[in-house]
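Coordinates from run.cif are shown below (mmCIF, C-alpha atoms).
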data_structure
loop_
_atom_site.label_atom_id
_atom_site.label_comp_id
_atom_site.auth_asym_id
_atom_site.auth_seq_id
_atom_site.Cartn_x
_atom_site.Cartn_y
_atom_site.Cartn_z
CA MET F 1390 -4.18 35.89 7.63
CA ASN F 1391 -1.34 35.24 5.20
CA HIS F 1392 -0.18 31.81 3.98
CA ALA F 1393 2.65 31.47 6.50
CA ALA F 1394 0.50 32.36 9.49
CA ARG F 1395 -2.30 30.07 8.37
CA HIS F 1396 0.08 27.15 7.84
CA GLN F 1397 1.65 27.72 11.25
CA ALA F 1398 -1.80 27.65 12.84
CA GLU F 1399 -2.69 24.48 10.98
CA ASP F 1400 0.51 22.76 12.09
CA SER F 1401 0.06 23.56 15.78
CA PRO F 1402 -0.90 20.54 17.93
CA ASP F 1403 -4.40 21.02 19.31
CA ALA F 1404 -6.26 17.77 20.02
CA LEU F 1405 -9.44 19.45 21.26
CA GLY F 1406 -9.52 21.78 18.26
CA MET F 1407 -9.02 18.86 15.89
CA TRP F 1408 -11.94 16.97 17.43
CA ARG F 1409 -14.16 20.02 17.03
CA LEU F 1410 -13.02 20.42 13.43
CA CYS F 1411 -13.87 16.80 12.66
CA TRP F 1412 -17.32 16.97 14.24
CA VAL F 1413 -18.11 20.17 12.36
CA ALA F 1414 -17.01 18.38 9.18
CA VAL F 1415 -19.49 15.59 9.92
CA VAL F 1416 -22.35 18.06 10.27
CA CYS F 1417 -21.30 19.97 7.15
CA GLY F 1418 -21.01 16.70 5.23
CA VAL F 1419 -24.59 15.82 6.09
CA VAL F 1420 -25.84 19.25 4.98
CA ILE F 1421 -23.96 19.39 1.67
CA GLY F 1422 -24.81 15.75 1.02
CA PHE F 1423 -28.53 16.34 1.19
CA VAL F 1424 -28.50 19.85 -0.29
CA GLY F 1425 -26.15 18.89 -3.12
CA GLY F 1426 -27.97 15.61 -3.64
CA ALA F 1427 -31.29 17.45 -3.87
CA PHE F 1428 -29.76 19.94 -6.31
CA ARG F 1429 -28.54 17.12 -8.51
CA TRP F 1430 -31.90 15.34 -8.34
CA CYS F 1431 -33.75 18.51 -9.30
CA LEU F 1432 -31.44 19.06 -12.26
CA ARG F 1433 -32.04 15.52 -13.45
CA GLN F 1434 -35.78 16.12 -13.28
CA ALA F 1435 -35.35 19.37 -15.21
CA ASP F 1436 -33.35 17.53 -17.90
CA GLU F 1437 -36.10 14.95 -18.27
CA ARG F 1438 -38.83 17.60 -18.49
CA ARG F 1439 -36.79 19.53 -21.04
CA LEU F 1440 -36.39 16.42 -23.17
CA GLU F 1441 -40.11 15.70 -22.97
CA LEU F 1442 -40.83 19.28 -24.01
CA LEU F 1443 -38.55 18.98 -27.03
CA GLU F 1444 -40.19 15.72 -28.08
CA TRP F 1445 -43.62 17.35 -27.83
CA VAL F 1446 -42.76 20.52 -29.77
CA HIS F 1447 -41.34 18.53 -32.66
CA SER F 1448 -44.71 16.83 -33.07
CA ALA F 1449 -46.67 20.06 -32.61
CA PRO F 1450 -47.24 22.92 -35.06
CA ALA F 1451 -44.16 24.98 -35.99
CA PRO F 1452 -44.84 27.93 -33.62
CA ALA F 1453 -44.42 25.51 -30.70
CA LEU F 1454 -40.66 25.57 -31.41
CA LEU F 1455 -40.61 28.99 -29.78
CA ILE F 1456 -41.50 27.45 -26.40
CA PRO F 1457 -38.05 25.93 -25.68
CA VAL F 1458 -36.48 29.22 -26.76
CA ALA F 1459 -38.68 31.08 -24.28
CA VAL F 1460 -37.97 28.54 -21.52
CA THR F 1461 -34.19 28.84 -21.82
CA ALA F 1462 -34.30 32.61 -22.22
CA GLY F 1463 -36.65 32.96 -19.26
CA GLY F 1464 -34.58 30.65 -17.05
CA ALA F 1465 -31.40 32.56 -17.89
CA GLY F 1466 -33.10 35.89 -17.24
CA LEU F 1467 -34.47 34.84 -13.85
CA ALA F 1468 -31.08 33.43 -12.88
CA ALA F 1469 -29.47 36.75 -13.84
CA LEU F 1470 -31.95 38.57 -11.58
CA ILE F 1471 -30.89 36.36 -8.68
CA VAL F 1472 -27.27 37.25 -9.41
CA ARG F 1473 -28.24 40.91 -9.39
CA TRP F 1474 -29.44 40.45 -5.80
CA THR F 1475 -26.49 38.21 -4.84
CA PRO F 1476 -23.56 39.13 -7.13
CA LEU F 1477 -21.29 36.47 -5.65
CA ALA F 1478 -23.60 33.80 -7.10
CA ALA F 1479 -22.44 34.57 -10.65
CA GLY F 1480 -20.49 31.98 -12.61
CA SER F 1481 -18.79 28.94 -11.17
CA GLY F 1482 -17.84 30.06 -7.69
CA ILE F 1483 -14.72 27.89 -7.60
CA GLN F 1484 -12.53 30.94 -8.20
CA HIS F 1485 -14.03 32.53 -5.08
CA VAL F 1486 -13.42 29.37 -3.04
CA GLU F 1487 -9.77 29.46 -4.12
CA ALA F 1488 -9.49 33.17 -3.30
CA VAL F 1489 -10.80 32.54 0.23
CA ALA F 1490 -8.33 29.68 0.69
CA ARG F 1491 -5.51 32.07 -0.27
CA GLY F 1492 -6.71 34.81 2.08
CA GLU F 1493 -7.58 37.07 -0.85
CA SER F 1494 -11.33 37.32 -0.26
CA GLN F 1495 -13.94 37.10 2.46
CA ALA F 1496 -15.97 33.98 3.20
CA PRO F 1497 -19.22 33.59 1.25
CA PRO F 1498 -22.37 34.76 3.05
CA ARG F 1499 -25.36 32.52 3.73
CA SER F 1500 -27.25 34.10 0.84
CA VAL F 1501 -24.96 32.28 -1.62
CA LEU F 1502 -26.59 28.96 -0.73
CA PRO F 1503 -30.18 29.70 -1.90
CA ALA F 1504 -28.92 31.93 -4.72
CA LYS F 1505 -26.72 29.17 -6.15
CA PHE F 1506 -29.36 26.49 -5.63
CA ILE F 1507 -32.27 28.34 -7.23
CA GLY F 1508 -30.18 30.24 -9.76
CA GLY F 1509 -28.37 27.06 -10.81
CA LEU F 1510 -31.65 25.22 -11.29
CA LEU F 1511 -32.92 28.03 -13.49
CA SER F 1512 -29.82 28.45 -15.64
CA ILE F 1513 -28.63 24.84 -15.94
CA GLY F 1514 -32.09 23.31 -15.81
CA SER F 1515 -33.36 25.56 -18.60
CA GLY F 1516 -30.58 24.39 -20.92
CA LEU F 1517 -27.56 26.70 -20.67
CA VAL F 1518 -24.28 24.88 -21.30
CA LEU F 1519 -23.09 25.02 -17.70
CA GLY F 1520 -22.05 22.46 -15.09
CA ARG F 1521 -23.65 21.50 -11.79
CA GLU F 1522 -20.32 21.22 -9.97
CA GLY F 1523 -19.60 24.98 -9.68
CA PRO F 1524 -22.77 25.84 -7.74
CA THR F 1525 -22.41 22.71 -5.59
CA VAL F 1526 -18.81 23.54 -4.70
CA HIS F 1527 -19.78 27.11 -3.82
CA MET F 1528 -22.75 25.95 -1.76
CA GLY F 1529 -20.38 23.66 0.12
CA ALA F 1530 -18.07 26.57 0.86
CA ALA F 1531 -21.00 28.66 2.11
CA ILE F 1532 -22.08 25.81 4.40
CA GLY F 1533 -18.51 25.46 5.69
CA ALA F 1534 -18.25 29.20 6.31
CA GLU F 1535 -21.53 29.34 8.23
CA ALA F 1536 -20.55 26.30 10.29
CA GLY F 1537 -17.23 27.93 11.08
CA ARG F 1538 -19.01 31.04 12.34
CA ARG F 1539 -21.49 29.10 14.45
CA ALA F 1540 -18.83 26.77 15.88
CA ARG F 1541 -16.55 29.76 16.52
CA LEU F 1542 -13.64 28.18 14.70
CA SER F 1543 -10.43 30.13 14.30
CA SER F 1544 -9.94 31.95 11.02
CA ALA F 1545 -7.48 29.27 9.85
CA ASP F 1546 -9.81 26.39 10.76
CA SER F 1547 -12.78 28.19 9.25
CA ALA F 1548 -10.90 28.58 5.96
CA SER F 1549 -9.98 24.89 6.06
CA MET F 1550 -13.60 23.98 6.69
CA GLN F 1551 -14.76 25.99 3.69
CA SER F 1552 -12.23 24.25 1.45
CA SER F 1553 -13.12 20.83 2.86
CA VAL F 1554 -16.86 21.18 2.36
CA ALA F 1555 -16.29 22.71 -1.08
CA GLY F 1556 -14.47 19.49 -2.01
CA ALA F 1557 -17.39 17.52 -0.63
CA GLY F 1558 -19.62 19.57 -2.93
CA LEU F 1559 -17.59 18.50 -5.96
CA ALA F 1560 -17.68 14.90 -4.77
CA VAL F 1561 -21.46 15.05 -4.45
CA ALA F 1562 -21.86 16.71 -7.86
CA PHE F 1563 -20.02 13.91 -9.67
CA ASN F 1564 -20.43 11.05 -7.18
CA ALA F 1565 -16.63 11.06 -7.06
CA PRO F 1566 -15.46 11.02 -3.43
CA ILE F 1567 -11.74 10.60 -4.09
CA GLY F 1568 -11.83 13.20 -6.85
CA GLY F 1569 -13.53 15.68 -4.51
CA ALA F 1570 -10.83 15.21 -1.90
CA VAL F 1571 -7.97 15.44 -4.39
CA PHE F 1572 -9.53 18.61 -5.80
CA VAL F 1573 -9.08 20.30 -2.41
CA PHE F 1574 -5.43 19.30 -2.09
CA GLU F 1575 -4.35 19.82 -5.70
CA GLU F 1576 -6.44 22.77 -6.82
CA VAL F 1577 -7.85 24.72 -3.86
CA THR F 1578 -5.28 24.63 -1.05
CA LYS F 1579 -2.34 23.10 -2.97
CA SER F 1580 -1.19 21.46 0.26
CA PHE F 1581 -1.58 18.35 2.42
CA ARG F 1582 -2.03 19.40 6.05
CA ALA F 1583 -3.73 17.48 8.82
CA ARG F 1584 -6.20 20.24 9.66
CA THR F 1585 -7.35 20.25 6.06
CA VAL F 1586 -6.93 16.59 5.12
CA LEU F 1587 -8.98 15.13 7.99
CA PRO F 1588 -12.05 17.38 7.70
CA THR F 1589 -11.94 17.02 3.91
CA LEU F 1590 -11.98 13.23 4.05
CA ILE F 1591 -14.75 13.27 6.65
CA ALA F 1592 -16.91 15.83 4.84
CA VAL F 1593 -16.49 14.03 1.51
CA ALA F 1594 -17.32 10.60 2.95
CA VAL F 1595 -20.38 11.81 4.83
CA GLY F 1596 -21.54 14.08 2.00
CA VAL F 1597 -21.34 11.42 -0.71
CA GLY F 1598 -22.97 8.89 1.58
CA CYS F 1599 -25.95 11.20 2.21
CA SER F 1600 -26.18 12.16 -1.47
CA ARG F 1601 -26.35 8.50 -2.49
CA MET F 1602 -29.48 8.12 -0.37
CA ILE F 1603 -31.13 10.45 -2.89
CA ASN F 1604 -29.42 9.62 -6.18
CA GLY F 1605 -28.22 6.07 -5.72
CA ASP F 1606 -24.76 4.55 -5.79
CA ARG F 1607 -23.62 4.08 -9.37
CA PRO F 1608 -21.14 5.79 -11.69
CA ASP F 1609 -22.40 8.75 -13.67
CA PHE F 1610 -21.63 7.00 -16.96
CA PHE F 1611 -22.03 3.36 -17.95
CA ALA F 1612 -19.09 2.42 -20.15
CA GLY F 1613 -19.33 -1.35 -20.03
CA GLY F 1614 -16.08 -3.21 -20.58
CA VAL F 1615 -13.28 -1.10 -22.07
CA ASP F 1616 -10.28 -3.19 -23.08
CA ALA F 1617 -6.85 -1.91 -22.14
CA PRO F 1618 -5.12 -0.53 -25.27
CA SER F 1619 -1.85 -2.10 -26.34
CA ILE F 1620 1.24 -0.45 -24.87
CA ALA F 1621 2.41 -0.01 -28.46
CA LEU F 1622 -0.32 2.62 -28.84
CA LEU F 1623 1.12 4.84 -26.11
CA PRO F 1624 2.71 7.25 -28.66
CA TYR F 1625 -0.74 7.55 -30.27
CA PHE F 1626 -2.15 8.76 -26.95
CA VAL F 1627 0.75 11.15 -26.41
CA VAL F 1628 0.08 12.79 -29.78
CA PHE F 1629 -3.62 12.87 -28.96
CA GLY F 1630 -2.80 14.58 -25.66
CA LEU F 1631 -0.83 17.23 -27.52
CA THR F 1632 -3.86 18.00 -29.68
CA ALA F 1633 -6.07 18.09 -26.58
CA GLY F 1634 -3.66 20.62 -25.08
CA VAL F 1635 -4.06 22.87 -28.11
CA LEU F 1636 -7.84 22.59 -27.83
CA GLY F 1637 -7.59 23.37 -24.11
CA VAL F 1638 -5.62 26.55 -24.77
CA LEU F 1639 -8.22 27.60 -27.35
CA TYR F 1640 -11.14 26.83 -25.01
CA SER F 1641 -9.60 28.82 -22.15
CA LYS F 1642 -9.12 31.82 -24.44
CA MET F 1643 -12.69 31.50 -25.68
CA ILE F 1644 -14.09 31.51 -22.14
CA LEU F 1645 -12.12 34.59 -21.15
CA GLY F 1646 -12.82 36.24 -24.49
CA ALA F 1647 -16.56 35.65 -24.17
CA VAL F 1648 -16.56 37.22 -20.70
CA ASP F 1649 -14.60 40.20 -22.08
CA VAL F 1650 -17.05 40.72 -24.93
CA ALA F 1651 -20.05 40.50 -22.62
CA GLU F 1652 -18.54 43.07 -20.24
CA ARG F 1653 -17.94 45.50 -23.11
CA PHE F 1654 -21.70 45.72 -23.65
CA ASP F 1655 -22.08 47.61 -20.38
CA ASN F 1656 -24.95 49.61 -21.84
CA VAL F 1657 -27.00 46.39 -21.94
CA SER F 1658 -28.24 45.15 -18.58
CA PRO F 1659 -26.87 41.75 -17.44
CA THR F 1660 -30.41 40.40 -17.36
CA VAL F 1661 -31.02 41.30 -20.99
CA ARG F 1662 -27.68 39.79 -21.98
CA ALA F 1663 -28.57 36.56 -20.19
CA VAL F 1664 -31.98 36.45 -21.90
CA LEU F 1665 -30.41 36.91 -25.34
CA ILE F 1666 -27.82 34.21 -24.71
CA GLY F 1667 -30.51 31.90 -23.36
CA ALA F 1668 -32.65 32.50 -26.45
CA LEU F 1669 -29.76 31.55 -28.73
CA VAL F 1670 -28.99 28.37 -26.79
CA GLY F 1671 -32.70 27.54 -26.71
CA ALA F 1672 -32.93 27.95 -30.47
CA LEU F 1673 -30.01 25.55 -30.96
CA MET F 1674 -31.64 23.17 -28.52
CA THR F 1675 -34.65 22.86 -30.79
CA LEU F 1676 -32.33 21.42 -33.44
CA ASP F 1677 -30.88 18.80 -31.10
CA GLN F 1678 -31.18 18.48 -27.33
CA GLY F 1679 -27.48 17.54 -27.15
CA TYR F 1680 -26.51 21.10 -28.05
CA ALA F 1681 -27.75 22.30 -24.65
CA GLY F 1682 -27.22 21.37 -21.01
CA GLY F 1683 -24.17 20.15 -19.15
CA GLY F 1684 -23.49 17.38 -21.64
CA ASP F 1685 -24.02 14.18 -19.65
CA ALA F 1686 -26.26 12.71 -22.35
CA VAL F 1687 -23.62 13.49 -24.98
CA VAL F 1688 -20.92 11.72 -23.00
CA GLN F 1689 -23.09 8.68 -22.35
CA SER F 1690 -24.00 8.33 -26.03
CA LEU F 1691 -20.31 8.34 -26.95
CA ILE F 1692 -18.89 6.26 -24.16
CA GLY F 1693 -21.49 3.57 -24.76
CA GLY F 1694 -19.74 2.70 -28.01
CA GLY F 1695 -21.55 2.58 -31.32
CA ASN F 1696 -20.30 4.16 -34.52
CA PRO F 1697 -20.93 7.94 -34.47
CA VAL F 1698 -20.67 9.76 -37.80
CA VAL F 1699 -17.56 11.96 -37.89
CA PRO F 1700 -19.27 15.07 -39.38
CA VAL F 1701 -22.00 14.84 -36.71
CA VAL F 1702 -19.43 14.61 -33.91
CA ALA F 1703 -17.53 17.54 -35.42
CA GLY F 1704 -20.74 19.57 -35.54
CA PHE F 1705 -21.48 18.89 -31.89
CA LEU F 1706 -17.91 19.80 -30.98
CA VAL F 1707 -18.02 23.14 -32.79
CA ILE F 1708 -21.40 24.13 -31.41
CA ARG F 1709 -20.60 23.23 -27.82
CA LEU F 1710 -17.19 24.89 -28.19
CA ILE F 1711 -19.12 28.11 -28.80
CA THR F 1712 -22.14 27.71 -26.53
CA GLY F 1713 -20.05 26.75 -23.48
CA PRO F 1714 -18.14 30.05 -23.27
CA LEU F 1715 -21.25 31.94 -24.38
CA SER F 1716 -23.30 30.40 -21.56
CA TYR F 1717 -20.60 31.22 -19.03
CA ALA F 1718 -20.55 34.81 -20.29
CA SER F 1719 -24.21 35.11 -19.23
CA ALA F 1720 -22.85 35.38 -15.63
CA THR F 1721 -25.58 33.09 -14.32
CA PRO F 1722 -24.82 30.39 -11.72
CA GLY F 1723 -23.10 27.43 -13.36
CA GLY F 1724 -19.75 25.70 -13.65
CA LEU F 1725 -17.23 24.74 -16.30
CA PHE F 1726 -16.32 21.14 -15.41
CA ALA F 1727 -19.27 19.22 -16.87
CA PRO F 1728 -19.29 21.00 -20.27
CA LEU F 1729 -15.51 20.62 -20.33
CA LEU F 1730 -15.75 16.86 -19.84
CA ALA F 1731 -18.34 16.64 -22.62
CA LEU F 1732 -16.07 18.62 -24.94
CA GLY F 1733 -13.17 16.31 -24.14
CA ALA F 1734 -15.36 13.29 -24.89
CA LEU F 1735 -16.34 14.78 -28.25
CA TRP F 1736 -12.70 15.49 -29.11
CA GLY F 1737 -11.76 11.92 -28.25
CA ALA F 1738 -14.61 10.58 -30.38
CA LEU F 1739 -13.67 12.84 -33.30
CA VAL F 1740 -10.02 11.77 -33.26
CA ALA F 1741 -11.09 8.12 -32.96
CA GLY F 1742 -13.37 8.46 -35.97
CA VAL F 1743 -10.80 10.26 -38.09
CA GLY F 1744 -8.15 7.74 -37.06
CA ASP F 1745 -10.32 4.80 -38.09
CA ALA F 1746 -11.00 6.41 -41.47
CA ALA F 1747 -7.41 7.49 -42.15
CA LEU F 1748 -5.73 4.36 -40.80
CA PRO F 1749 -8.15 1.51 -41.54
CA ASP F 1750 -5.45 -1.14 -41.34
CA MET F 1751 -3.97 0.09 -38.07
CA ASN F 1752 -5.03 -1.17 -34.65
CA THR F 1753 -6.26 2.17 -33.28
CA PRO F 1754 -7.76 2.66 -29.78
CA SER F 1755 -11.46 1.96 -29.31
CA LEU F 1756 -14.01 4.78 -29.24
CA PRO F 1757 -14.82 4.41 -25.50
CA ALA F 1758 -11.10 4.46 -24.65
CA MET F 1759 -10.56 7.67 -26.62
CA VAL F 1760 -13.63 9.27 -25.04
CA VAL F 1761 -12.44 8.52 -21.51
CA VAL F 1762 -8.89 9.70 -22.22
CA GLY F 1763 -10.17 12.83 -23.96
CA MET F 1764 -12.20 13.85 -20.92
CA ALA F 1765 -9.18 13.69 -18.61
CA ALA F 1766 -6.72 15.28 -21.05
CA LEU F 1767 -8.83 18.34 -21.83
CA PHE F 1768 -9.68 18.81 -18.15
CA GLY F 1769 -5.98 18.78 -17.32
CA ALA F 1770 -5.13 21.32 -20.02
CA VAL F 1771 -7.82 23.82 -19.01
CA VAL F 1772 -8.00 23.46 -15.22
CA ARG F 1773 -4.34 22.44 -14.79
CA ALA F 1774 -5.29 19.92 -12.11
CA PRO F 1775 -4.37 16.69 -13.93
CA ILE F 1776 -4.62 14.29 -11.01
CA THR F 1777 -8.05 15.63 -10.07
CA GLY F 1778 -9.22 15.25 -13.66
CA ILE F 1779 -7.97 11.69 -14.00
CA VAL F 1780 -9.47 10.58 -10.68
CA ILE F 1781 -12.83 12.22 -11.41
CA VAL F 1782 -13.05 10.59 -14.84
CA VAL F 1783 -12.12 7.18 -13.43
CA GLU F 1784 -14.79 7.48 -10.73
CA MET F 1785 -17.45 8.79 -13.11
CA THR F 1786 -16.89 6.00 -15.65
CA ALA F 1787 -15.64 3.16 -13.41
CA VAL F 1788 -13.02 2.53 -16.13
CA THR F 1789 -9.51 1.74 -14.90
CA SER F 1790 -8.19 -0.08 -17.97
CA VAL F 1791 -6.97 3.11 -19.67
CA THR F 1792 -5.20 4.78 -16.74
CA VAL F 1793 -1.76 4.58 -18.38
CA PRO F 1794 -2.96 6.22 -21.63
CA MET F 1795 -4.82 8.79 -19.51
CA LEU F 1796 -1.64 9.65 -17.64
CA ALA F 1797 0.37 9.99 -20.86
CA ALA F 1798 -2.25 12.04 -22.73
CA THR F 1799 -3.02 14.30 -19.78
CA ALA F 1800 0.66 14.99 -19.16
CA ALA F 1801 1.10 15.91 -22.83
CA ALA F 1802 -1.97 18.17 -22.75
CA VAL F 1803 -0.79 19.98 -19.62
CA LEU F 1804 2.68 20.42 -21.14
CA VAL F 1805 1.24 22.08 -24.24
CA ALA F 1806 -0.89 24.45 -22.16
CA HIS F 1807 2.10 25.30 -19.97
CA LEU F 1808 4.44 25.95 -22.89
CA ALA F 1809 1.77 28.06 -24.59
CA GLY F 1810 1.64 30.30 -21.52
CA SER F 1811 -2.05 29.59 -20.93
CA PRO F 1812 -2.73 30.01 -17.19
CA PRO F 1813 -5.10 27.69 -15.32
CA ILE F 1814 -8.62 28.87 -16.02
CA TYR F 1815 -9.53 29.44 -12.38
CA ASP F 1816 -6.41 31.53 -11.81
CA SER F 1817 -7.55 33.80 -14.64
CA LEU F 1818 -11.10 33.95 -13.33
CA ARG F 1819 -9.88 34.61 -9.80
CA HIS F 1820 -7.74 37.53 -10.94
CA ARG F 1821 -10.73 38.96 -12.79
CA MET F 1822 -12.92 38.58 -9.71
CA LEU F 1823 -10.35 40.36 -7.55
CA GLY F 1824 -9.99 43.08 -10.18
CA ASP F 1825 -6.20 43.03 -10.38
CA GLY F 1826 -6.25 43.26 -14.16
CA ARG F 1827 -4.31 40.07 -14.85
CA ARG F 1828 -5.60 37.60 -17.46
#

As a first step, turn the structure in this file into structure tokens.
Amino acid sequence: MNHAARHQAEDSPDALGMWRLCWVAVVCGVVIGFVGGAFRWCLRQADERRLELLEWVHSAPAPALLIPVAVTAGGAGLAALIVRWTPLAAGSGIQHVEAVARGESQAPPRSVLPAKFIGGLLSIGSGLVLGREGPTVHMGAAIGAEAGRRARLSSADSASMQSSVAGAGLAVAFNAPIGGAVFVFEEVTKSFRARTVLPTLIAVAVGVGCSRMINGDRPDFFAGGVDAPSIALLPYFVVFGLTAGVLGVLYSKMILGAVDVAERFDNVSPTVRAVLIGALVGALMTLDQGYAGGGDAVVQSLIGGGNPVVPVVAGFLVIRLITGPLSYASATPGGLFAPLLALGALWGALVAGVGDAALPDMNTPSLPAMVVVGMAALFGAVVRAPITGIVIVVEMTAVTSVTVPMLAATAAAVLVAHLAGSPPIYDSLRHRMLGDGRR
């Protein structure tokens, strides 16, 4: 069904159909809430075990350092095997959700749900620089698709249900209910229609509520009190946003370039490629645990304040700028959002540190403020969904005092990416998935 036909079907008055859609959204919200909540809980346990392992190997004889390398390589290899059995489980999955919403691809099968859950635990849990949100969004879409089949929804309503529950998956992944809903309207469907808005709001509310029974109700990051920067510093944030836009263009090119390079080695099996990438990330992880994983610990260490050393922050930025695209090129289940937010936080911290050193007598923005703004600005430049990025960051940090600088910096970052001709990352990935040759 094309866009016009789907929109006409969505706009048609059908009270009974709307009630059915809403009740299906309730059921789907419960399922993605508990499944996504369990996925997030398992990943948190994996992070803790990985940290304990790193602490142990650094106190053990030198050969023990090979254990984390083997763990990450093995996890990546097993995840790649799962993708071999379920090819649709590769990568983020958000590009597939968007393709379904546009009528360009078929709904995900049920097999995507266990493949994303187990494969995501193996790849992300073992230390690859990937995000939890991609698998959770795709699992939500699979749940919505299966519910649509069982409830015998029309093709238009089934597509709406997939988008709605996908948004609930993002909300569960980041404990960001409003951000999950906005993601559906701004990024997936690019529309506000009753037959999408209502099930989205219901699925998000129910899903996040169920997830909080498992993971609790608190923001992902504790920022404490962040003072509102002076309005006189707004030009500072605009310039910062311009630099974040340049970084966003570079990061998008690096992701696509890494995927290109990996595909050129077609004589090497995907499993072997994933193992080699995992081994490299695991080796870096033995140097510092912050080099691996989605990056939540990195963000928390920065947003909590303190006085990070500029060369150390720069080192983290460079390494994660490389390992993020490299991890995504492994084609194992995992998303881009979480590593992207960590990269934005590092860029904000780096600029804050350089600014303090170069302009010691100037009233520059605080480190936490720059970290929060950097997360939203880089997200906007890469994903090209600025409102979604701002809302997600506000919900994850519970910081509202820097919303004006966030708006200014994110707008500047998006402008740079647009003028540079850098397409939204999921548009590029969707075109690759559909095989139309566009970049």

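Among F:Cys1411, F:Leu1739, F:Val1670, F:Ala1797, the residue with the shortest atom-to-atom distance to F:Gly1463, counting all atoms listed in the file, is F:Val1670.
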
If you apply the PyMOL selection byres ((chain F and resi 1623) around 12) to this file, what residues do you get, as a PyMOL selection string? chain F and resi 1617-1622+1624-1630+1753-1754+1762+1791-1798+1801

Using only C-alpha atoms, please write the residues we just selected to a file, as a CSV table (one decimal), in the frame of the given file.
chain,number,residue,atom,x,y,z
F,1617,ALA,CA,-6.8,-1.9,-22.1
F,1618,PRO,CA,-5.1,-0.5,-25.3
F,1619,SER,CA,-1.8,-2.1,-26.3
F,1620,ILE,CA,1.2,-0.4,-24.9
F,1621,ALA,CA,2.4,0.0,-28.5
F,1622,LEU,CA,-0.3,2.6,-28.8
F,1624,PRO,CA,2.7,7.2,-28.7
F,1625,TYR,CA,-0.7,7.6,-30.3
F,1626,PHE,CA,-2.2,8.8,-27.0
F,1627,VAL,CA,0.8,11.2,-26.4
F,1628,VAL,CA,0.1,12.8,-29.8
F,1629,PHE,CA,-3.6,12.9,-29.0
F,1630,GLY,CA,-2.8,14.6,-25.7
F,1753,THR,CA,-6.3,2.2,-33.3
F,1754,PRO,CA,-7.8,2.7,-29.8
F,1762,VAL,CA,-8.9,9.7,-22.2
F,1791,VAL,CA,-7.0,3.1,-19.7
F,1792,THR,CA,-5.2,4.8,-16.7
F,1793,VAL,CA,-1.8,4.6,-18.4
F,1794,PRO,CA,-3.0,6.2,-21.6
F,1795,MET,CA,-4.8,8.8,-19.5
F,1796,LEU,CA,-1.6,9.6,-17.6
F,1797,ALA,CA,0.4,10.0,-20.9
F,1798,ALA,CA,-2.2,12.0,-22.7
F,1801,ALA,CA,1.1,15.9,-22.8

Counting only C-alpha atoms, the option among F:Val1518, F:Val1501, F:Ala1800, F:Val1805 closest to F:Ile1708: F:Val1518

If the PyMOL selection byres ((chain F and resi 1774) around 10) is run on the structure shown, which residues does it catch, given as a ChimeraX atom specification? /F:1571-1572,1575-1577,1765,1768-1773,1775-1779,1799,1803,1813

Nearby residues (all atoms listed in the file) at most 7 Å from stretch 1816-1826 of chain F, same-chain spacing under 5 positions excluded, as a compact mmCIF listing (two decimals) with C-alpha atoms, in the coordinates of the input:
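So result.txt came out as:
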# COMPACT_ATOMS: atom_id res chain seq x y z
CA GLN F 1484 -12.53 30.94 -8.20
CA HIS F 1485 -14.03 32.53 -5.08
CA ALA F 1488 -9.49 33.17 -3.30
